[in-house]
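J.: This is model.pdb (PDB, C-alpha atoms).
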MODEL        1
ATOM      1  CA  MET A   1     -50.136  -7.617 -16.269
ATOM      2  CA  THR A   2     -52.387  -4.672 -15.535
ATOM      3  CA  ILE A   3     -53.126  -3.546 -12.029
ATOM      4  CA  SER A   4     -56.742  -4.643 -12.393
ATOM      5  CA  ALA A   5     -55.649  -8.138 -13.426
ATOM      6  CA  ALA A   6     -53.218  -8.505 -10.540
ATOM      7  CA  ARG A   7     -54.164 -10.797  -7.685
ATOM      8  CA  PRO A   8     -51.652  -9.920  -4.958
ATOM      9  CA  GLY A   9     -53.212 -12.254  -2.396
ATOM     10  CA  TRP A  10     -52.743 -15.272  -4.634
ATOM     11  CA  GLY A  11     -49.286 -14.060  -5.625
ATOM     12  CA  ILE A  12     -48.233 -13.960  -1.975
ATOM     13  CA  PHE A  13     -49.837 -17.351  -1.314
ATOM     14  CA  TRP A  14     -48.052 -19.071  -4.198
ATOM     15  CA  MET A  15     -44.748 -17.450  -3.237
ATOM     16  CA  ILE A  16     -45.134 -18.793   0.318
ATOM     17  CA  VAL A  17     -45.736 -22.265  -1.147
ATOM     18  CA  THR A  18     -42.692 -21.776  -3.383
ATOM     19  CA  GLY A  19     -40.554 -20.931  -0.391
ATOM     20  CA  GLY A  20     -41.768 -24.043   1.396
ATOM     21  CA  CYS A  21     -40.875 -26.200  -1.598
ATOM     22  CA  PHE A  22     -37.362 -24.809  -1.910
ATOM     23  CA  VAL A  23     -36.648 -25.000   1.815
ATOM     24  CA  THR A  24     -37.760 -28.640   1.637
ATOM     25  CA  VAL A  25     -35.220 -29.116  -1.164
ATOM     26  CA  THR A  26     -32.429 -27.758   1.028
ATOM     27  CA  ALA A  27     -33.547 -29.911   3.968
ATOM     28  CA  LEU A  28     -33.513 -33.064   1.831
ATOM     29  CA  VAL A  29     -30.030 -32.305   0.498
ATOM     30  CA  LYS A  30     -28.877 -31.648   4.066
ATOM     31  CA  LEU A  31     -30.413 -34.976   5.105
ATOM     32  CA  LEU A  32     -28.559 -36.687   2.263
ATOM     33  CA  GLY A  33     -25.238 -35.747   3.861
ATOM     34  CA  THR A  34     -21.771 -35.992   2.340
ATOM     35  CA  ARG A  35     -21.446 -39.717   1.589
ATOM     36  CA  ILE A  36     -22.559 -39.105  -1.988
ATOM     37  CA  PRO A  37     -20.138 -36.634  -3.681
ATOM     38  CA  ALA A  38     -21.764 -33.302  -4.591
ATOM     39  CA  PRO A  39     -21.447 -33.723  -8.409
ATOM     40  CA  GLU A  40     -23.008 -37.193  -8.221
ATOM     41  CA  ALA A  41     -25.873 -36.024  -5.991
ATOM     42  CA  ALA A  42     -26.556 -33.169  -8.397
ATOM     43  CA  PHE A  43     -26.376 -35.512 -11.399
ATOM     44  CA  LEU A  44     -28.845 -37.973  -9.883
ATOM     45  CA  ARG A  45     -31.213 -35.126  -8.994
ATOM     46  CA  TYR A  46     -31.289 -33.971 -12.624
ATOM     47  CA  LEU A  47     -31.332 -37.476 -14.059
ATOM     48  CA  LEU A  48     -34.359 -38.418 -11.959
ATOM     49  CA  GLY A  49     -35.969 -35.086 -12.813
ATOM     50  CA  LEU A  50     -35.907 -35.870 -16.548
ATOM     51  CA  VAL A  51     -39.192 -37.712 -16.039
ATOM     52  CA  PHE A  52     -40.867 -34.299 -15.829
ATOM     53  CA  LEU A  53     -39.817 -33.557 -19.417
ATOM     54  CA  ILE A  54     -42.197 -36.161 -20.848
ATOM     55  CA  PRO A  55     -44.936 -33.553 -21.608
ATOM     56  CA  VAL A  56     -42.548 -31.514 -23.821
ATOM     57  CA  LEU A  57     -40.864 -34.380 -25.702
ATOM     58  CA  GLY A  58     -42.952 -33.634 -28.780
ATOM     59  CA  GLN A  59     -41.803 -29.992 -28.817
ATOM     60  CA  LEU A  60     -38.176 -31.036 -28.340
ATOM     61  CA  ARG A  61     -38.295 -33.308 -31.383
ATOM     62  CA  ARG A  62     -39.629 -30.511 -33.565
ATOM     63  CA  ILE A  63     -37.278 -27.680 -32.616
ATOM     64  CA  LYS A  64     -34.606 -26.476 -35.043
ATOM     65  CA  LEU A  65     -31.787 -24.455 -33.542
ATOM     66  CA  ASP A  66     -29.153 -22.366 -35.268
ATOM     67  CA  ARG A  67     -25.525 -22.138 -34.140
ATOM     68  CA  MET A  68     -26.125 -19.144 -31.855
ATOM     69  CA  GLU A  69     -29.036 -20.853 -30.112
ATOM     70  CA  TRP A  70     -26.987 -24.020 -29.597
ATOM     71  CA  THR A  71     -24.172 -21.887 -28.177
ATOM     72  CA  LEU A  72     -26.540 -20.248 -25.711
ATOM     73  CA  PHE A  73     -28.103 -23.540 -24.631
ATOM     74  CA  VAL A  74     -24.719 -25.199 -24.136
ATOM     75  CA  GLY A  75     -23.261 -22.117 -22.444
ATOM     76  CA  ARG A  76     -26.107 -21.971 -19.982
ATOM     77  CA  GLY A  77     -25.781 -25.684 -19.348
ATOM     78  CA  VAL A  78     -22.101 -25.243 -18.465
ATOM     79  CA  VAL A  79     -22.558 -22.367 -15.996
ATOM     80  CA  HIS A  80     -25.644 -23.965 -14.437
ATOM     81  CA  THR A  81     -23.790 -27.260 -14.060
ATOM     82  CA  ILE A  82     -21.060 -25.512 -12.080
ATOM     83  CA  ALA A  83     -23.624 -23.646  -9.974
ATOM     84  CA  VAL A  84     -25.587 -26.776  -9.085
ATOM     85  CA  ALA A  85     -22.471 -28.766  -8.167
ATOM     86  CA  LEU A  86     -21.259 -25.930  -5.921
ATOM     87  CA  TRP A  87     -24.710 -25.601  -4.331
ATOM     88  CA  PHE A  88     -24.831 -29.300  -3.416
ATOM     89  CA  PHE A  89     -21.280 -29.029  -2.047
ATOM     90  CA  ALA A  90     -22.160 -26.034   0.133
ATOM     91  CA  MET A  91     -25.501 -27.415   1.298
ATOM     92  CA  ALA A  92     -23.888 -30.473   2.861
ATOM     93  CA  ARG A  93     -21.269 -28.417   4.740
ATOM     94  CA  ILE A  94     -22.796 -25.221   6.116
ATOM     95  CA  PRO A  95     -26.061 -24.422   7.941
ATOM     96  CA  ILE A  96     -29.271 -24.279   5.937
ATOM     97  CA  ALA A  97     -29.827 -20.656   6.970
ATOM     98  CA  ASP A  98     -26.406 -19.643   5.611
ATOM     99  CA  VAL A  99     -27.121 -21.258   2.234
ATOM    100  CA  THR A 100     -30.563 -19.653   2.021
ATOM    101  CA  ALA A 101     -29.339 -16.188   2.993
ATOM    102  CA  MET A 102     -26.347 -16.219   0.640
ATOM    103  CA  ASN A 103     -28.488 -17.459  -2.236
ATOM    104  CA  TYR A 104     -30.290 -14.096  -2.099
ATOM    105  CA  LEU A 105     -27.142 -12.594  -3.659
ATOM    106  CA  ALA A 106     -27.893 -14.147  -7.058
ATOM    107  CA  PRO A 107     -30.352 -11.393  -8.137
ATOM    108  CA  ILE A 108     -27.736  -8.805  -7.197
ATOM    109  CA  TYR A 109     -25.204 -10.439  -9.496
ATOM    110  CA  VAL A 110     -27.873 -10.527 -12.200
ATOM    111  CA  THR A 111     -28.410  -6.782 -11.781
ATOM    112  CA  LEU A 112     -24.689  -6.168 -12.256
ATOM    113  CA  GLY A 113     -24.515  -8.582 -15.193
ATOM    114  CA  ALA A 114     -27.521  -6.977 -16.867
ATOM    115  CA  ALA A 115     -25.734  -3.623 -16.758
ATOM    116  CA  LEU A 116     -22.430  -5.026 -18.001
ATOM    117  CA  PHE A 117     -23.646  -7.413 -20.707
ATOM    118  CA  LEU A 118     -27.250  -6.523 -21.608
ATOM    119  CA  GLY A 119     -26.892  -2.748 -21.630
ATOM    120  CA  GLU A 120     -29.395  -2.099 -18.833
ATOM    121  CA  LYS A 121     -28.987   1.282 -17.187
ATOM    122  CA  LEU A 122     -27.655   1.048 -13.647
ATOM    123  CA  ALA A 123     -28.940   4.154 -11.889
ATOM    124  CA  LEU A 124     -27.462   5.494  -8.676
ATOM    125  CA  ARG A 125     -30.280   4.061  -6.545
ATOM    126  CA  ARG A 126     -29.674   0.591  -7.922
ATOM    127  CA  VAL A 127     -25.924   0.956  -7.379
ATOM    128  CA  MET A 128     -26.626   1.855  -3.756
ATOM    129  CA  ALA A 129     -28.965  -1.155  -3.408
ATOM    130  CA  VAL A 130     -26.245  -3.443  -4.771
ATOM    131  CA  GLY A 131     -23.799  -1.978  -2.250
ATOM    132  CA  VAL A 132     -26.256  -2.584   0.589
ATOM    133  CA  ALA A 133     -26.731  -6.202  -0.511
ATOM    134  CA  LEU A 134     -22.975  -6.792  -0.539
ATOM    135  CA  LEU A 135     -22.858  -5.316   2.950
ATOM    136  CA  GLY A 136     -25.460  -7.904   3.925
ATOM    137  CA  ALA A 137     -23.136 -10.628   2.621
ATOM    138  CA  LEU A 138     -20.321  -9.276   4.795
ATOM    139  CA  ILE A 139     -22.630  -9.361   7.830
ATOM    140  CA  ILE A 140     -23.320 -13.035   7.133
ATOM    141  CA  LEU A 141     -19.703 -14.038   6.497
ATOM    142  CA  ARG A 142     -18.036 -11.728   9.055
ATOM    143  CA  PRO A 143     -14.530 -12.406   7.701
ATOM    144  CA  GLY A 144     -11.967 -12.261  10.473
ATOM    145  CA  LEU A 145     -14.646 -12.804  13.129
ATOM    146  CA  ARG A 146     -15.719 -16.286  12.097
ATOM    147  CA  GLU A 147     -14.280 -19.114  10.054
ATOM    148  CA  VAL A 148     -15.197 -18.778   6.380
ATOM    149  CA  GLY A 149     -14.964 -22.347   5.152
ATOM    150  CA  PRO A 150     -15.138 -23.970   1.716
ATOM    151  CA  GLY A 151     -18.930 -24.163   1.943
ATOM    152  CA  HIS A 152     -19.312 -20.401   2.291
ATOM    153  CA  LEU A 153     -16.879 -19.739  -0.544
ATOM    154  CA  ALA A 154     -18.769 -22.241  -2.689
ATOM    155  CA  MET A 155     -22.029 -20.366  -2.047
ATOM    156  CA  LEU A 156     -20.473 -17.062  -3.121
ATOM    157  CA  PHE A 157     -19.556 -18.573  -6.484
ATOM    158  CA  THR A 158     -22.855 -20.463  -6.669
ATOM    159  CA  ALA A 159     -24.746 -17.168  -6.713
ATOM    160  CA  VAL A 160     -22.443 -15.823  -9.438
ATOM    161  CA  PHE A 161     -22.988 -18.814 -11.720
ATOM    162  CA  PHE A 162     -26.753 -18.936 -11.075
ATOM    163  CA  GLY A 163     -26.880 -15.251 -11.991
ATOM    164  CA  ALA A 164     -25.016 -15.941 -15.236
ATOM    165  CA  SER A 165     -27.428 -18.779 -16.018
ATOM    166  CA  TYR A 166     -30.423 -16.493 -15.581
ATOM    167  CA  LEU A 167     -28.937 -13.790 -17.799
ATOM    168  CA  ILE A 168     -28.386 -16.313 -20.588
ATOM    169  CA  ALA A 169     -31.941 -17.561 -20.100
ATOM    170  CA  LYS A 170     -33.276 -14.023 -20.574
ATOM    171  CA  ARG A 171     -31.454 -13.868 -23.901
ATOM    172  CA  MET A 172     -32.748 -17.297 -24.945
ATOM    173  CA  THR A 173     -36.427 -16.576 -24.259
ATOM    174  CA  ALA A 174     -36.378 -14.118 -27.167
ATOM    175  CA  THR A 175     -36.285 -17.059 -29.596
ATOM    176  CA  ALA A 176     -37.352 -20.134 -27.611
ATOM    177  CA  SER A 177     -40.425 -20.957 -25.532
ATOM    178  CA  PRO A 178     -40.062 -21.155 -21.737
ATOM    179  CA  GLY A 179     -40.822 -24.888 -21.820
ATOM    180  CA  ILE A 180     -37.999 -25.553 -24.256
ATOM    181  CA  VAL A 181     -35.600 -23.360 -22.264
ATOM    182  CA  VAL A 182     -36.311 -25.339 -19.084
ATOM    183  CA  ALA A 183     -36.175 -28.696 -20.884
ATOM    184  CA  MET A 184     -32.863 -27.956 -22.570
ATOM    185  CA  LEU A 185     -31.431 -26.805 -19.244
ATOM    186  CA  SER A 186     -32.350 -30.113 -17.620
ATOM    187  CA  ILE A 187     -30.819 -32.084 -20.465
ATOM    188  CA  THR A 188     -27.589 -30.095 -20.740
ATOM    189  CA  VAL A 189     -27.005 -30.026 -16.973
ATOM    190  CA  THR A 190     -27.581 -33.784 -16.730
ATOM    191  CA  ILE A 191     -25.019 -34.337 -19.504
ATOM    192  CA  GLY A 192     -22.600 -31.831 -17.955
ATOM    193  CA  LEU A 193     -22.741 -33.443 -14.517
ATOM    194  CA  ALA A 194     -22.365 -37.020 -15.804
ATOM    195  CA  PRO A 195     -18.541 -37.038 -16.222
ATOM    196  CA  LEU A 196     -18.084 -35.201 -12.915
ATOM    197  CA  ALA A 197     -20.258 -37.794 -11.167
ATOM    198  CA  ALA A 198     -18.400 -40.701 -12.804
ATOM    199  CA  MET A 199     -15.037 -39.467 -11.499
ATOM    200  CA  GLN A 200     -15.988 -40.207  -7.863
ATOM    201  CA  TRP A 201     -18.960 -42.530  -8.180
ATOM    202  CA  VAL A 202     -20.434 -43.931  -4.981
ATOM    203  CA  THR A 203     -23.284 -46.395  -5.432
ATOM    204  CA  PRO A 204     -26.333 -44.813  -3.756
ATOM    205  CA  THR A 205     -28.696 -46.715  -1.530
ATOM    206  CA  TRP A 206     -32.416 -46.902  -2.271
ATOM    207  CA  GLY A 207     -32.988 -44.453   0.578
ATOM    208  CA  GLU A 208     -30.566 -41.936  -0.947
ATOM    209  CA  LEU A 209     -32.236 -42.311  -4.349
ATOM    210  CA  ALA A 210     -35.603 -41.668  -2.698
ATOM    211  CA  ILE A 211     -34.264 -38.476  -1.119
ATOM    212  CA  LEU A 212     -32.896 -37.266  -4.458
ATOM    213  CA  MET A 213     -36.202 -38.058  -6.167
ATOM    214  CA  GLY A 214     -37.859 -35.945  -3.493
ATOM    215  CA  VAL A 215     -35.429 -33.137  -4.299
ATOM    216  CA  ALA A 216     -36.390 -33.348  -7.979
ATOM    217  CA  CYS A 217     -40.112 -33.346  -7.176
ATOM    218  CA  PHE A 218     -40.049 -30.403  -4.768
ATOM    219  CA  ALA A 219     -37.707 -28.391  -7.004
ATOM    220  CA  THR A 220     -40.049 -28.885  -9.957
ATOM    221  CA  ALA A 221     -43.087 -28.035  -7.839
ATOM    222  CA  GLY A 222     -41.336 -24.920  -6.559
ATOM    223  CA  HIS A 223     -40.603 -23.653 -10.058
ATOM    224  CA  TYR A 224     -44.246 -24.279 -11.053
ATOM    225  CA  THR A 225     -45.754 -22.476  -8.049
ATOM    226  CA  MET A 226     -43.270 -19.642  -8.568
ATOM    227  CA  THR A 227     -44.645 -19.248 -12.104
ATOM    228  CA  LEU A 228     -48.167 -19.102 -10.668
ATOM    229  CA  ALA A 229     -47.017 -16.373  -8.262
ATOM    230  CA  PHE A 230     -45.496 -14.343 -11.103
ATOM    231  CA  ARG A 231     -48.738 -14.599 -13.069
ATOM    232  CA  ALA A 232     -50.825 -13.467 -10.116
ATOM    233  CA  ALA A 233     -48.772 -10.482  -8.926
ATOM    234  CA  PRO A 234     -45.761  -8.361  -9.931
ATOM    235  CA  LEU A 235     -42.277  -8.872  -8.511
ATOM    236  CA  ALA A 236     -42.694  -5.819  -6.294
ATOM    237  CA  VAL A 237     -45.374  -7.771  -4.401
ATOM    238  CA  THR A 238     -43.853 -11.250  -4.387
ATOM    239  CA  GLN A 239     -40.184 -10.373  -3.815
ATOM    240  CA  PRO A 240     -40.401  -9.402  -0.109
ATOM    241  CA  VAL A 241     -42.212 -12.680   0.626
ATOM    242  CA  THR A 242     -39.033 -14.580  -0.246
ATOM    243  CA  PHE A 243     -37.658 -13.528   3.149
ATOM    244  CA  LEU A 244     -39.952 -16.166   4.652
ATOM    245  CA  GLN A 245     -37.643 -18.785   3.118
ATOM    246  CA  LEU A 246     -34.942 -17.618   5.513
ATOM    247  CA  VAL A 247     -37.385 -17.838   8.428
ATOM    248  CA  TRP A 248     -38.277 -21.435   7.521
ATOM    249  CA  ALA A 249     -34.601 -22.264   6.986
ATOM    250  CA  VAL A 250     -33.591 -20.882  10.406
ATOM    251  CA  LEU A 251     -36.380 -22.798  12.146
ATOM    252  CA  LEU A 252     -35.618 -25.995  10.260
ATOM    253  CA  GLY A 253     -31.902 -25.782  10.978
ATOM    254  CA  ALA A 254     -32.473 -25.101  14.673
ATOM    255  CA  LEU A 255     -35.295 -27.590  15.333
ATOM    256  CA  VAL A 256     -34.357 -30.484  13.031
ATOM    257  CA  PHE A 257     -30.605 -30.263  12.395
ATOM    258  CA  ASP A 258     -29.531 -28.667  15.706
ATOM    259  CA  GLU A 259     -27.690 -25.848  13.906
ATOM    260  CA  GLY A 260     -28.666 -23.079  16.315
ATOM    261  CA  VAL A 261     -29.752 -19.572  15.311
ATOM    262  CA  ASP A 262     -27.137 -17.122  14.042
ATOM    263  CA  ILE A 263     -28.623 -13.650  14.405
ATOM    264  CA  PHE A 264     -26.025 -12.212  12.019
ATOM    265  CA  VAL A 265     -27.177 -14.573   9.251
ATOM    266  CA  VAL A 266     -30.777 -13.446   9.788
ATOM    267  CA  LEU A 267     -29.743  -9.780   9.829
ATOM    268  CA  GLY A 268     -27.583 -10.137   6.718
ATOM    269  CA  GLY A 269     -30.374 -11.974   4.929
ATOM    270  CA  MET A 270     -32.827  -9.209   5.803
ATOM    271  CA  VAL A 271     -30.436  -6.597   4.424
ATOM    272  CA  ILE A 272     -29.994  -8.502   1.146
ATOM    273  CA  VAL A 273     -33.724  -9.174   0.724
ATOM    274  CA  GLY A 274     -34.440  -5.515   1.400
ATOM    275  CA  ALA A 275     -31.987  -4.479  -1.320
ATOM    276  CA  VAL A 276     -33.401  -6.954  -3.850
ATOM    277  CA  SER A 277     -36.957  -5.905  -3.005
ATOM    278  CA  PHE A 278     -36.022  -2.254  -3.560
ATOM    279  CA  ILE A 279     -34.605  -3.064  -6.992
ATOM    280  CA  SER A 280     -37.794  -4.975  -7.891
ATOM    281  CA  TRP A 281     -39.930  -2.077  -6.665
ATOM    282  CA  ARG A 282     -37.945   0.368  -8.786
ATOM    283  CA  GLU A 283     -38.502  -1.865 -11.813
ATOM    284  CA  ALA A 284     -42.250  -1.702 -11.183
ATOM    285  CA  VAL A 285     -42.204   2.083 -10.715
ATOM    286  CA  LEU A 286     -40.274   2.603 -13.932
ATOM    287  CA  LYS A 287     -42.623   0.184 -15.734
ATOM    288  CA  ARG A 288     -39.712  -1.584 -17.351
ATOM    289  CA  ARG A 289     -39.272  -5.232 -18.132
ATOM    290  CA  ALA A 290     -37.791  -6.729 -14.961
ATOM    291  CA  ILE A 291     -34.397  -8.344 -15.388
ATOM    292  CA  THR A 292     -33.721  -8.975 -11.722
ATOM    293  CA  PRO A 293     -35.149 -12.437 -10.921
ATOM    294  CA  ASN A 294     -36.898 -13.570  -7.808
ATOM    295  CA  VAL A 295     -34.322 -15.324  -5.666
ATOM    296  CA  SER A 296     -36.195 -18.595  -6.098
ATOM    297  CA  ALA A 297     -35.635 -18.475  -9.841
ATOM    298  CA  THR A 298     -32.004 -19.310  -9.323
ATOM    299  CA  LYS A 299     -32.609 -22.444  -7.295
ATOM    300  CA  VAL A 300     -31.796 -25.972  -8.409
TER     301      VAL A 300
ENDMDL
END
Represent the structure of the file as structure tokens.

T.:
Amino acid sequence: MTISAARPGWGIFWMIVTGGCFVTVTALVKLLGTRIPAPEAAFLRYLLGLVFLIPVLGQLRRIKLDRMEWTLFVGRGVVHTIAVALWFFAMARIPIADVTAMNYLAPIYVTLGAALFLGEKLALRRVMAVGVALLGALIILRPGLREVGPGHLAMLFTAVFFGASYLIAKRMTATASPGIVVAMLSITVTIGLAPLAAMQWVTPTWGELAILMGVACFATAGHYTMTLAFRAAPLAVTQPVTFLQLVWAVLLGALVFDEGVDIFVVLGGMVIVGAVSFISWREAVLKRRAITPNVSATKV
């Protein structure tokens, strides 16, 4: 995208809408509670979301994949399956603001993974930004000063696996269209979650199914509006706007779920977003193909 073609106003607008969609996803999962096991809730979300693949069924029937492509698709499905199951587990157990803030770590893990596995140069400034982001995570967790429960640990690993999923996706887009990449992810994750869901199956109520259908709808809408934001403006413009997701999450947790406001979570989230935004800005300055994703790109 050239500077003349950029529409930063629309990019910011669509990223705000994206943030609203993804915060709604977290609120719905929080509302769902813990009666439905996390793997089953994740499975039903993806199963119900398969309806959105109808427009690309024709493309799916025509694709021919070699062994390497199948390996990449299956590999991404495995790591994304783990990430989604952990995310649902964490979402039901810790405050919405904590989940939102810690999810900002995923682009940092992608930056590290891109250097380790894709050969991207990791300059000193980016190393320092990664260090600052990890400091932000410590501010949120405050080990030794607060209880770090299973939900927080799950979110740490969630960000790692989402980062791995995005790195594999970057490799896959060299040979497959974005539509096929997204469709194959939905299919492989649904298949991957099925046996995990069957192990502790709890028959959902119609109300719980409605909530999970809402999760699928808002998640799909969020990914679509995020694409519109990327088309309208570069990451350097849209990335800082993702901090608004934490603002909405804090307000939602305090006003709807009576979770209170943890100033350290807000501060840590600001530190992480600042680090990710700096990395995105450096990508724009260097006029290189951005590997670090917007934080929303790693959502379910």

J.: Residue by residue, what does the PyMOL selection byres ((chain A and resi 41) around 12) grab here? Present the result as a VMD selection string.

T.: chain A and resid 28 to 30 32 to 40 42 to 48 84 to 89 91 to 92 190 193 to 194 196 to 198 200 to 205 208 to 213 215 to 216 300

J.: In Å, how far is it from CA of Thr71 in chain A to CA of Leu156 in chain A?

T.: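 A separation of 25.8 Å between them.
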
J.: Could you spell out the hits of the PyMOL selection byres ((chain A and resi 155) around 8) on the shown file, as a VMD selection string?

T.: chain A and resid 86 to 87 90 99 102 to 103 151 to 154 156 to 159

J.: Report, in Å with one decimal, the straight-line distance from CA of Ile139 in chain A to CA of Trp281 in chain A.

T.: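 Separating CA of Ile139 in chain A from CA of Trp281 in chain A is a distance of 23.7 Å.
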
J.: Just give me the gap between CA of Pro8 in chain A and CA of Thr24 in chain A in Å, one decimal is fine.

T.: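 According to the coordinates, CA of Pro8 in chain A and CA of Thr24 in chain A are separated by 24.2 Å.
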
J.: Which residues are close to Leu60 in chain A, i.e. within 10 Å by all atoms listed in the file, leaving aside same-chain residues fewer than 4 positions away? Reply as a list in words.

T.: Leu53, Ile54, Pro55, Val56, Lys64, Gly179, Ile180, Ala183 and Met184 of chain A

J.: Got a sec: who's within 7 Å of Thr188 in chain A, counting only C-alpha atoms, leaving out chain neighbours fewer than 4 positions off, as a ChimeraX atom specification?

T.: /A:74,77,184,192

J.: Nearest residue to Ile63 in chain A out of A:Val181, A:Leu31, A:Ile94, A:Ala114, using only C-alpha atoms?

T.: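 Result for the nearest residue to Ile63 in chain A: A:Val181.
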
J.: For a cut-off of 12 Å around (-31.2, 5.3, -7.1), file coordinates, pick out all residues using only C-alpha atoms and list them as number ranges by chain.

T.: A: 121-131, 275, 278-279, 281-283, 286

J.: What would the selection look like, as a PyMOL selection string, if the PyMOL selection byres ((chain A and resi 138) around 12) were run on the coordinates I just shared?

T.: chain A and resi 101-102+105+131-137+139-146+148+152+156+264-265+267-269+271-272

J.: With C-alpha atoms retained, write the just-selected residues as a PDB file, in the coordinates of the input.

T.:
ATOM      1  CA  ALA A 101     -29.339 -16.188   2.993  1.00  0.00           C
ATOM      2  CA  MET A 102     -26.347 -16.219   0.640  1.00  0.00           C
ATOM      3  CA  LEU A 105     -27.142 -12.594  -3.659  1.00  0.00           C
ATOM      4  CA  GLY A 131     -23.799  -1.978  -2.250  1.00  0.00           C
ATOM      5  CA  VAL A 132     -26.256  -2.584   0.589  1.00  0.00           C
ATOM      6  CA  ALA A 133     -26.731  -6.202  -0.511  1.00  0.00           C
ATOM      7  CA  LEU A 134     -22.975  -6.792  -0.539  1.00  0.00           C
ATOM      8  CA  LEU A 135     -22.858  -5.316   2.950  1.00  0.00           C
ATOM      9  CA  GLY A 136     -25.460  -7.904   3.925  1.00  0.00           C
ATOM     10  CA  ALA A 137     -23.136 -10.628   2.621  1.00  0.00           C
ATOM     11  CA  ILE A 139     -22.630  -9.361   7.830  1.00  0.00           C
ATOM     12  CA  ILE A 140     -23.320 -13.035   7.133  1.00  0.00           C
ATOM     13  CA  LEU A 141     -19.703 -14.038   6.497  1.00  0.00           C
ATOM     14  CA  ARG A 142     -18.036 -11.728   9.055  1.00  0.00           C
ATOM     15  CA  PRO A 143     -14.530 -12.406   7.701  1.00  0.00           C
ATOM     16  CA  GLY A 144     -11.967 -12.261  10.473  1.00  0.00           C
ATOM     17  CA  LEU A 145     -14.646 -12.804  13.129  1.00  0.00           C
ATOM     18  CA  ARG A 146     -15.719 -16.286  12.097  1.00  0.00           C
ATOM     19  CA  VAL A 148     -15.197 -18.778   6.380  1.00  0.00           C
ATOM     20  CA  HIS A 152     -19.312 -20.401   2.291  1.00  0.00           C
ATOM     21  CA  LEU A 156     -20.473 -17.062  -3.121  1.00  0.00           C
ATOM     22  CA  PHE A 264     -26.025 -12.212  12.019  1.00  0.00           C
ATOM     23  CA  VAL A 265     -27.177 -14.573   9.251  1.00  0.00           C
ATOM     24  CA  LEU A 267     -29.743  -9.780   9.829  1.00  0.00           C
ATOM     25  CA  GLY A 268     -27.583 -10.137   6.718  1.00  0.00           C
ATOM     26  CA  GLY A 269     -30.374 -11.974   4.929  1.00  0.00           C
ATOM     27  CA  VAL A 271     -30.436  -6.597   4.424  1.00  0.00           C
ATOM     28  CA  ILE A 272     -29.994  -8.502   1.146  1.00  0.00           C
TER      29      ILE A 272
END
